[in-house]
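*Asks:* Mind having a look at this structure? Questions to follow.
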Amino acid sequence: MPLTQGDVLDTLSDPVALGIEFYVDKIHIKGEYLTTVRDHIRAGNILVKGGTQDLAFFDQTTDVLLTQKKSPPADDGDRALLLHECVHAMIDVYDPGGTVTRHMGELAAYLTQTTYSVRKNPSANRNGTAPWDKFWGDLFATVRANKLDTSAGNGVKIPSATLENLRRELVVLPSVNYGNFSKEATGVSDGLIRMNIFLSTDEPVSMRSSSVSYEAYPDPGDDYLIRTLMETYAKTDVRGYGSRLRQLRRDFLYCSLGRALRLRMRLSVRKRGDRLSELFHDRLSHGGRAILLRVLALRS
C-alpha cells in the first residue's frame, strides 16, 4: 500500500517542516506557504493519490500529487521526499504565471528536502564522487554552510554562485531529464484548476485524514460518465463546465488501475460507435480532454 493523503497532511503539519524558511533565487520557501498547500489538499484543490513508483511526484497540469510506493506511516525519509513534491505544489500555487525556472524549482525542492533531513537528523550526509553522490553531498554542505539546519538560517538567501554550481550538477545527473531543459526554461507552474474555499479545523491531522486516505472509490461506469458528459450548460456558464471537469478529474484519479487503463485506451482518440468516446471528444474542450487524459496517464 502506498503512502496516503494522511501522510502528506502530517508532513505539512510537522513543526520541523513548518520551521524552515529560506530563498532559492526568487522562490521563498516558508512554513506559512506550505500550510497553504495543506489547506488546498484539505479543500480538494490539490488531489492526492497513492502512486505505483518508488518516488513521489507532483503534476502541475492536473494538480495531482502521487505519493511513493511505501507502506504507511511515513518515516522521516519519506516525509522529506513528500516535502520535496509539496514545494513543487507550493510553486504552482504561488507562481500561477509560470515565471519560476525548472532548474530553480528543482533546487528549491531538493534543498528543502535536505534541510528537513538535516534538521531531523543532524548527522545526515552523503559522500562519493558519482554524480548523484556528489550532488547530494553538496546539498548537505549548502544546508550547513548557510545554517539552514537551524533556525539561525531562517530567511537566508542562498548565494547565486552556489545555486549556479548546484544547477550545473543538476543538469548532468543520470536517469533524470533535467538536462533536457535550458537554464531559462519555465513551465513548472500554471496555477490550480480548482480554488475552492479553504477548510479549517483543529482536529488532529492523522485522525481527520486517515479514513479518507483509505476510502475505496467506486469505478465510474459508462452510464454515469455518459450522463455526466451529457449535462448541458449555457455557453457563459464557466462554473458549470469547470465543475464537470473537476468531477471527472477526481473520478478518473480515484478509479481502479484497471479501469483507468481501459478508459485511457478508449478515450485517447475518438472512436465512432463508442458513445462514451464520442461524447468525451464532442462535449469537452481540447484543454479539458488533455487534463483528463493526463490524469489517466499518471495512473499508468
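Following the order of the C-alpha cells, chains are lettered A, B, ..., residues in each are numbered from 1, and ligands are numbered from 1.
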Skip Thr36 in chain A itself and residues of its chain fewer than 2 positions away, then list as a PyMOL selection string all residues within 10 Å of it, counting only C-alpha atoms.
*Replies:* chain A and resi 12+31-34+38-42+89-90+93-94+198
*Asks:* Would you save the residues of that selection, restricted to all heavy atoms, as a CSV table (one decimal), in the first residue's frame?
*Replies:*
chain,number,residue,atom,x,y,z
A,12,LEU,N,3.0,18.1,6.2
A,12,LEU,CA,2.7,19.5,6.1
A,12,LEU,C,2.3,20.1,7.4
A,12,LEU,O,2.0,21.3,7.5
A,12,LEU,CB,1.7,19.8,5.0
A,12,LEU,CG,2.2,19.5,3.6
A,12,LEU,CD1,1.1,19.6,2.6
A,12,LEU,CD2,3.4,20.5,3.2
A,31,GLY,N,7.2,28.1,6.0
A,31,GLY,CA,6.2,27.2,6.6
A,31,GLY,C,4.8,27.7,6.3
A,31,GLY,O,3.9,26.9,6.0
A,32,GLU,N,4.6,29.0,6.3
A,32,GLU,CA,3.3,29.6,6.0
A,32,GLU,C,2.8,29.2,4.7
A,32,GLU,O,1.6,28.9,4.5
A,32,GLU,CB,3.3,31.1,6.1
A,32,GLU,CG,2.0,31.8,5.8
A,32,GLU,CD,2.2,33.3,5.8
A,32,GLU,OE1,3.2,33.8,6.3
A,32,GLU,OE2,1.3,34.0,5.2
A,33,TYR,N,3.7,29.1,3.7
A,33,TYR,CA,3.3,28.8,2.3
A,33,TYR,C,3.0,27.3,2.2
A,33,TYR,O,2.2,26.8,1.4
A,33,TYR,CB,4.3,29.2,1.3
A,33,TYR,CG,4.7,30.7,1.4
A,33,TYR,CD1,5.9,31.2,1.1
A,33,TYR,CD2,3.7,31.6,1.8
A,33,TYR,CE1,6.2,32.5,1.2
A,33,TYR,CE2,4.0,33.0,1.9
A,33,TYR,CZ,5.2,33.4,1.6
A,33,TYR,OH,5.5,34.8,1.7
A,34,LEU,N,3.7,26.5,3.0
A,34,LEU,CA,3.5,25.0,3.0
A,34,LEU,C,2.1,24.7,3.6
A,34,LEU,O,1.5,23.8,3.2
A,34,LEU,CB,4.6,24.3,3.7
A,34,LEU,CG,6.0,24.4,3.0
A,34,LEU,CD1,7.1,23.8,3.9
A,34,LEU,CD2,5.9,23.6,1.7
A,38,ARG,N,-1.2,22.6,2.3
A,38,ARG,CA,-2.0,21.7,3.1
A,38,ARG,C,-3.5,22.0,3.0
A,38,ARG,O,-4.4,21.2,2.9
A,38,ARG,CB,-1.5,21.7,4.6
A,38,ARG,CG,-2.2,20.8,5.5
A,38,ARG,CD,-1.8,21.1,7.0
A,38,ARG,NE,-2.2,22.4,7.4
A,38,ARG,CZ,-1.8,23.0,8.5
A,38,ARG,NH1,-0.9,22.4,9.3
A,38,ARG,NH2,-2.2,24.2,8.8
A,39,ASP,N,-3.8,23.3,3.1
A,39,ASP,CA,-5.2,23.8,3.0
A,39,ASP,C,-5.8,23.4,1.7
A,39,ASP,O,-7.0,23.1,1.6
A,39,ASP,CB,-5.3,25.2,3.3
A,39,ASP,CG,-5.0,25.6,4.8
A,39,ASP,OD1,-5.1,24.7,5.6
A,39,ASP,OD2,-4.7,26.7,5.1
A,40,HIS,N,-5.0,23.6,0.6
A,40,HIS,CA,-5.5,23.3,-0.7
A,40,HIS,C,-5.8,21.8,-0.8
A,40,HIS,O,-6.8,21.4,-1.5
A,40,HIS,CB,-4.5,23.7,-1.8
A,40,HIS,CG,-4.6,25.2,-2.1
A,40,HIS,ND1,-5.8,25.7,-2.7
A,40,HIS,CD2,-3.7,26.2,-2.1
A,40,HIS,CE1,-5.6,27.0,-2.9
A,40,HIS,NE2,-4.3,27.3,-2.5
A,41,ILE,N,-5.0,20.9,-0.2
A,41,ILE,CA,-5.3,19.5,-0.2
A,41,ILE,C,-6.6,19.2,0.6
A,41,ILE,O,-7.4,18.4,0.1
A,41,ILE,CB,-4.1,18.7,0.4
A,41,ILE,CG1,-2.9,18.8,-0.5
A,41,ILE,CG2,-4.5,17.2,0.6
A,41,ILE,CD1,-1.6,18.3,0.1
A,42,ARG,N,-6.7,19.8,1.7
A,42,ARG,CA,-7.9,19.6,2.5
A,42,ARG,C,-9.2,20.0,1.8
A,42,ARG,O,-10.2,19.4,1.9
A,42,ARG,CB,-7.8,20.4,3.8
A,42,ARG,CG,-6.9,19.9,4.8
A,42,ARG,CD,-6.8,20.9,6.0
A,42,ARG,NE,-5.9,20.4,7.1
A,42,ARG,CZ,-5.5,21.2,8.1
A,42,ARG,NH1,-5.9,22.5,8.2
A,42,ARG,NH2,-4.7,20.7,9.0
A,89,ALA,N,4.3,21.8,-5.5
A,89,ALA,CA,2.9,22.3,-5.4
A,89,ALA,C,2.8,23.7,-4.9
A,89,ALA,O,2.0,24.5,-5.4
A,89,ALA,CB,2.2,21.3,-4.4
A,90,MET,N,3.7,24.1,-3.9
A,90,MET,CA,3.7,25.5,-3.4
A,90,MET,C,4.0,26.4,-4.6
A,90,MET,O,3.4,27.5,-4.7
A,90,MET,CB,4.8,25.6,-2.3
A,90,MET,CG,4.9,26.9,-1.7
A,90,MET,SD,6.4,27.1,-0.7
A,90,MET,CE,7.6,27.5,-2.1
A,93,VAL,N,1.1,27.0,-6.7
A,93,VAL,CA,0.1,27.8,-6.1
A,93,VAL,C,0.5,29.3,-6.2
A,93,VAL,O,-0.3,30.2,-6.5
A,93,VAL,CB,-0.1,27.5,-4.6
A,93,VAL,CG1,-1.0,28.5,-3.9
A,93,VAL,CG2,-0.8,26.1,-4.5
A,94,TYR,N,1.7,29.6,-5.8
A,94,TYR,CA,2.2,31.0,-5.7
A,94,TYR,C,2.8,31.6,-7.0
A,94,TYR,O,3.0,32.8,-7.0
A,94,TYR,CB,3.2,31.1,-4.6
A,94,TYR,CG,2.5,31.0,-3.2
A,94,TYR,CD1,2.5,29.8,-2.5
A,94,TYR,CD2,1.9,32.1,-2.7
A,94,TYR,CE1,1.9,29.8,-1.2
A,94,TYR,CE2,1.3,32.1,-1.4
A,94,TYR,CZ,1.3,30.9,-0.7
A,94,TYR,OH,0.7,30.8,0.5
A,198,PHE,N,-10.9,27.4,1.5
A,198,PHE,CA,-10.1,26.5,2.4
A,198,PHE,C,-11.1,26.0,3.5
A,198,PHE,O,-12.0,26.6,4.0
A,198,PHE,CB,-9.0,27.3,3.1
A,198,PHE,CG,-7.9,27.6,2.1
A,198,PHE,CD1,-6.9,28.5,2.5
A,198,PHE,CD2,-7.8,27.0,0.9
A,198,PHE,CE1,-5.9,28.8,1.6
A,198,PHE,CE2,-6.8,27.3,0.0
A,198,PHE,CZ,-5.8,28.2,0.4
*Asks:* Under the rule that only C-alpha atoms are counted, which of A:Lys26, A:Arg270, A:Lys70, A:His88 is the nearest residue to Gly191 in chain A?
*Replies:*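 That would be A:His88, the residue with the smallest distance to Gly191 in chain A.
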*Asks:* Show me, as a PyMOL selection string, the residues that have an atom within 8 Å of range 232-247 of chain A when counting only C-alpha atoms, minus same-chain residues fewer than 4 positions from it.
*Replies:* chain A and resi 193-194+228+251+288+292
*Asks:* Pick out the closest residue to Ala145 in chain A from this set: A:Arg294, A:Arg126, A:Lys157, A:Arg264. Count only C-alpha atoms.
*Replies:*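 Nearest candidate to Ala145 in chain A out of A:Arg294, A:Arg126, A:Lys157, A:Arg264: A:Lys157.
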*Asks:* Considering only C-alpha atoms, return as a ChimeraX atom specification whatever protein or nucleic-acid residues lie within 8 Å of Thr114 in chain A, sequence-local ones (same chain, fewer than 2 positions apart) excluded.
*Replies:* /A:80,110-112,116-118,139-140,143
*Asks:* Residues near range 131-135 of chain A, anyone? I mean within 9 Å using only C-alpha atoms, not counting same-chain ones fewer than 3 positions away, as number ranges by chain.
*Replies:* A: 126-128, 138-140, 166, 169-170, 172-174
*Asks:* Please produce a file of those selected residues containing C-alpha atoms, as a PDB file, in the first residue's frame.
*Replies:*
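And here is the file that came out, selection_19.pdb:
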ATOM      1  CA  ARG A 126      26.171  11.590   1.718  1.00  0.00           C
ATOM      2  CA  ASN A 127      29.631  11.104   0.266  1.00  0.00           C
ATOM      3  CA  GLY A 128      31.095   9.883  -3.000  1.00  0.00           C
ATOM      4  CA  ASP A 138      26.909  19.426  -1.999  1.00  0.00           C
ATOM      5  CA  LEU A 139      23.260  19.875  -0.994  1.00  0.00           C
ATOM      6  CA  PHE A 140      24.123  18.848   2.570  1.00  0.00           C
ATOM      7  CA  LEU A 166      24.323  23.142  -7.938  1.00  0.00           C
ATOM      8  CA  GLU A 169      25.463  19.436 -11.260  1.00  0.00           C
ATOM      9  CA  LEU A 170      21.689  19.023 -11.572  1.00  0.00           C
ATOM     10  CA  VAL A 172      24.177  16.247 -15.744  1.00  0.00           C
ATOM     11  CA  LEU A 173      22.585  13.848 -13.271  1.00  0.00           C
ATOM     12  CA  PRO A 174      21.873  10.428 -14.819  1.00  0.00           C
TER      13      PRO A 174
END
*Asks:* As a PDB file with N, CA and C atoms, in the first residue's frame, please: all residues of range 29-228 of chain A that backbone DSSP puts in strand (DSSP E or B).
*Replies:*
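Once everything was written out, this is states_37.pdb:
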ATOM      1  N   ILE A  29      10.773  29.690   0.276  1.00  0.00           N
ATOM      2  CA  ILE A  29      10.269  28.513   0.984  1.00  0.00           C
ATOM      3  C   ILE A  29       9.974  28.930   2.408  1.00  0.00           C
ATOM      4  N   LYS A  30       8.749  28.728   2.834  1.00  0.00           N
ATOM      5  CA  LYS A  30       8.338  29.201   4.151  1.00  0.00           C
ATOM      6  C   LYS A  30       7.206  28.318   4.679  1.00  0.00           C
ATOM      7  N   LEU A  47      -5.277  17.172  -5.434  1.00  0.00           N
ATOM      8  CA  LEU A  47      -5.691  15.811  -5.154  1.00  0.00           C
ATOM      9  C   LEU A  47      -4.469  14.947  -4.854  1.00  0.00           C
ATOM     10  N   VAL A  48      -4.599  14.042  -3.910  1.00  0.00           N
ATOM     11  CA  VAL A  48      -3.520  13.141  -3.526  1.00  0.00           C
ATOM     12  C   VAL A  48      -3.950  11.700  -3.804  1.00  0.00           C
ATOM     13  N   LYS A  49      -3.065  10.959  -4.433  1.00  0.00           N
ATOM     14  CA  LYS A  49      -3.345   9.564  -4.751  1.00  0.00           C
ATOM     15  C   LYS A  49      -2.089   8.736  -4.515  1.00  0.00           C
ATOM     16  N   GLY A  50      -2.244   7.547  -3.981  1.00  0.00           N
ATOM     17  CA  GLY A  50      -1.111   6.651  -3.814  1.00  0.00           C
ATOM     18  C   GLY A  50      -0.581   6.212  -5.161  1.00  0.00           C
ATOM     19  N   PHE A  57       5.543  12.292  -6.810  1.00  0.00           N
ATOM     20  CA  PHE A  57       5.525  13.151  -7.995  1.00  0.00           C
ATOM     21  C   PHE A  57       4.350  14.118  -7.914  1.00  0.00           C
ATOM     22  N   PHE A  58       4.607  15.401  -8.196  1.00  0.00           N
ATOM     23  CA  PHE A  58       3.525  16.385  -8.313  1.00  0.00           C
ATOM     24  C   PHE A  58       3.406  16.801  -9.758  1.00  0.00           C
ATOM     25  N   ASP A  59       2.197  16.730 -10.292  1.00  0.00           N
ATOM     26  CA  ASP A  59       1.929  17.122 -11.674  1.00  0.00           C
ATOM     27  C   ASP A  59       1.152  18.424 -11.679  1.00  0.00           C
ATOM     28  N   VAL A  64      -2.246  17.081  -9.259  1.00  0.00           N
ATOM     29  CA  VAL A  64      -2.276  15.774  -8.613  1.00  0.00           C
ATOM     30  C   VAL A  64      -0.910  15.479  -8.002  1.00  0.00           C
ATOM     31  N   LEU A  65      -0.918  15.066  -6.743  1.00  0.00           N
ATOM     32  CA  LEU A  65       0.303  14.631  -6.066  1.00  0.00           C
ATOM     33  C   LEU A  65       0.213  13.126  -5.856  1.00  0.00           C
ATOM     34  N   LEU A  66       1.136  12.393  -6.465  1.00  0.00           N
ATOM     35  CA  LEU A  66       1.214  10.949  -6.292  1.00  0.00           C
ATOM     36  C   LEU A  66       2.252  10.644  -5.223  1.00  0.00           C
ATOM     37  N   THR A  67       1.869   9.881  -4.227  1.00  0.00           N
ATOM     38  CA  THR A  67       2.802   9.508  -3.172  1.00  0.00           C
ATOM     39  C   THR A  67       3.637   8.308  -3.617  1.00  0.00           C
ATOM     40  N   VAL A 156      17.572  33.148   5.107  1.00  0.00           N
ATOM     41  CA  VAL A 156      18.796  33.236   4.312  1.00  0.00           C
ATOM     42  C   VAL A 156      18.471  33.140   2.822  1.00  0.00           C
ATOM     43  N   LYS A 157      19.225  33.904   2.028  1.00  0.00           N
ATOM     44  CA  LYS A 157      19.146  33.799   0.580  1.00  0.00           C
ATOM     45  C   LYS A 157      20.377  33.034   0.103  1.00  0.00           C
TER      46      LYS A 157
END
*Asks:* Which of range 65-95 of chain A counts as helix (DSSP H, G or I) under DSSP, as an MDAnalysis selection string please?
*Replies:* chainID A and resid 76:94
*Asks:* Once you have the residues from the selection above, write them out as a short mmCIF file (atom, residue, chain, number, x, y, z; two decimals), in the first residue's frame, restricted to N, CA and C atoms.
*Replies:*
data_model
loop_
_atom_site.label_atom_id
_atom_site.label_comp_id
_atom_site.auth_asym_id
_atom_site.auth_seq_id
_atom_site.Cartn_x
_atom_site.Cartn_y
_atom_site.Cartn_z
N ASP A 76 10.87 9.62 8.47
CA ASP A 76 11.46 10.93 8.19
C ASP A 76 11.95 11.04 6.74
N GLY A 77 12.52 9.96 6.22
CA GLY A 77 12.97 9.98 4.84
C GLY A 77 11.81 10.11 3.87
N ASP A 78 10.72 9.41 4.15
CA ASP A 78 9.52 9.52 3.32
C ASP A 78 8.96 10.93 3.36
N ARG A 79 8.93 11.51 4.55
CA ARG A 79 8.41 12.86 4.69
C ARG A 79 9.27 13.88 3.93
N ALA A 80 10.58 13.67 3.97
CA ALA A 80 11.47 14.57 3.25
C ALA A 80 11.16 14.56 1.76
N LEU A 81 10.90 13.36 1.21
CA LEU A 81 10.56 13.24 -0.20
C LEU A 81 9.20 13.86 -0.50
N LEU A 82 8.22 13.63 0.38
CA LEU A 82 6.91 14.27 0.19
C LEU A 82 7.04 15.78 0.22
N LEU A 83 7.90 16.27 1.11
CA LEU A 83 8.10 17.71 1.23
C LEU A 83 8.69 18.27 -0.07
N HIS A 84 9.58 17.52 -0.69
CA HIS A 84 10.14 17.91 -1.99
C HIS A 84 9.01 18.18 -2.99
N GLU A 85 8.07 17.25 -3.08
CA GLU A 85 6.97 17.41 -4.03
C GLU A 85 6.01 18.52 -3.60
N CYS A 86 5.86 18.71 -2.30
CA CYS A 86 4.99 19.79 -1.82
C CYS A 86 5.56 21.16 -2.14
N VAL A 87 6.88 21.26 -2.27
CA VAL A 87 7.48 22.52 -2.70
C VAL A 87 7.08 22.80 -4.15
N HIS A 88 7.05 21.76 -4.98
CA HIS A 88 6.58 21.95 -6.36
C HIS A 88 5.12 22.41 -6.36
N ALA A 89 4.32 21.83 -5.48
CA ALA A 89 2.92 22.27 -5.37
C ALA A 89 2.84 23.71 -4.89
N MET A 90 3.69 24.08 -3.95
CA MET A 90 3.72 25.46 -3.43
C MET A 90 4.04 26.43 -4.56
N ILE A 91 5.00 26.08 -5.40
CA ILE A 91 5.34 26.94 -6.53
C ILE A 91 4.15 27.07 -7.48
N ASP A 92 3.44 25.98 -7.69
CA ASP A 92 2.27 26.01 -8.57
C ASP A 92 1.20 26.96 -8.03
N VAL A 93 1.06 26.97 -6.71
CA VAL A 93 0.06 27.85 -6.08
C VAL A 93 0.48 29.31 -6.16
N TYR A 94 1.73 29.59 -5.85
CA TYR A 94 2.18 30.98 -5.71
C TYR A 94 2.77 31.58 -6.97
#
*Asks:* Which residue, A:Gly258, A:Pro73, A:Gly6, A:Gly98, has the smallest gap to Asp219 in chain A when you use only C-alpha atoms?
*Replies:*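 Nearest to Asp219 in chain A: A:Gly258.
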*Asks:* I'd like the interatomic distance between CA of Ala141 in chain A and CA of Ala109 in chain A, to a tenth of an Å.
*Replies:* 15.7 Å
*Asks:* Looking at A:Gln113, A:Thr186, A:Thr11, A:Ser256, which one is nearest to Val100 in chain A, with distances taken over only C-alpha atoms?
*Replies:*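 Smallest distance to Val100 in chain A is found for A:Thr186.
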*Asks:* Which polymer residues have any atom within 10 Å of an atom of Val171 in chain A, counting only C-alpha atoms, with same-chain residues fewer than 3 positions away left out, as a PyMOL selection string?
*Replies:* chain A and resi 103+166-168+174+176-183
*Asks:* Nearest to Gly187 in chain A among A:Asp274, A:Asp95, A:Asp63, A:Asp54, with distances taken over only C-alpha atoms: which residue is it?
*Replies:*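 Using only C-alpha atoms, the shortest distance to Gly187 in chain A belongs to A:Asp95.
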*Asks:* Which is closer to Val16 in chain A than all the others in A:Val295, A:Glu106, A:Ser151, A:Asn146, using only C-alpha atoms?
*Replies:* A:Ser151
*Asks:* Figure out the distance between CA of Arg299 in chain A and CA of Ile226 in chain A, please, to one decimal in Å.
*Replies:* 21.5 Å
*Asks:* Find the residues around Leu293 in chain A up to 9 Å (only C-alpha atoms counted), leave out those fewer than 5 positions away in its own chain, and share them as a VMD selection string.
*Replies:* chain A and resid 252 263 to 264 267 to 268 288 298
*Asks:* Please, what distance in Å, to one decimal, runs between CA of Ala152 in chain A and CA of Arg119 in chain A?
*Replies:*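 Interatomic distance, CA of Ala152 in chain A to CA of Arg119 in chain A: 11.9 Å.
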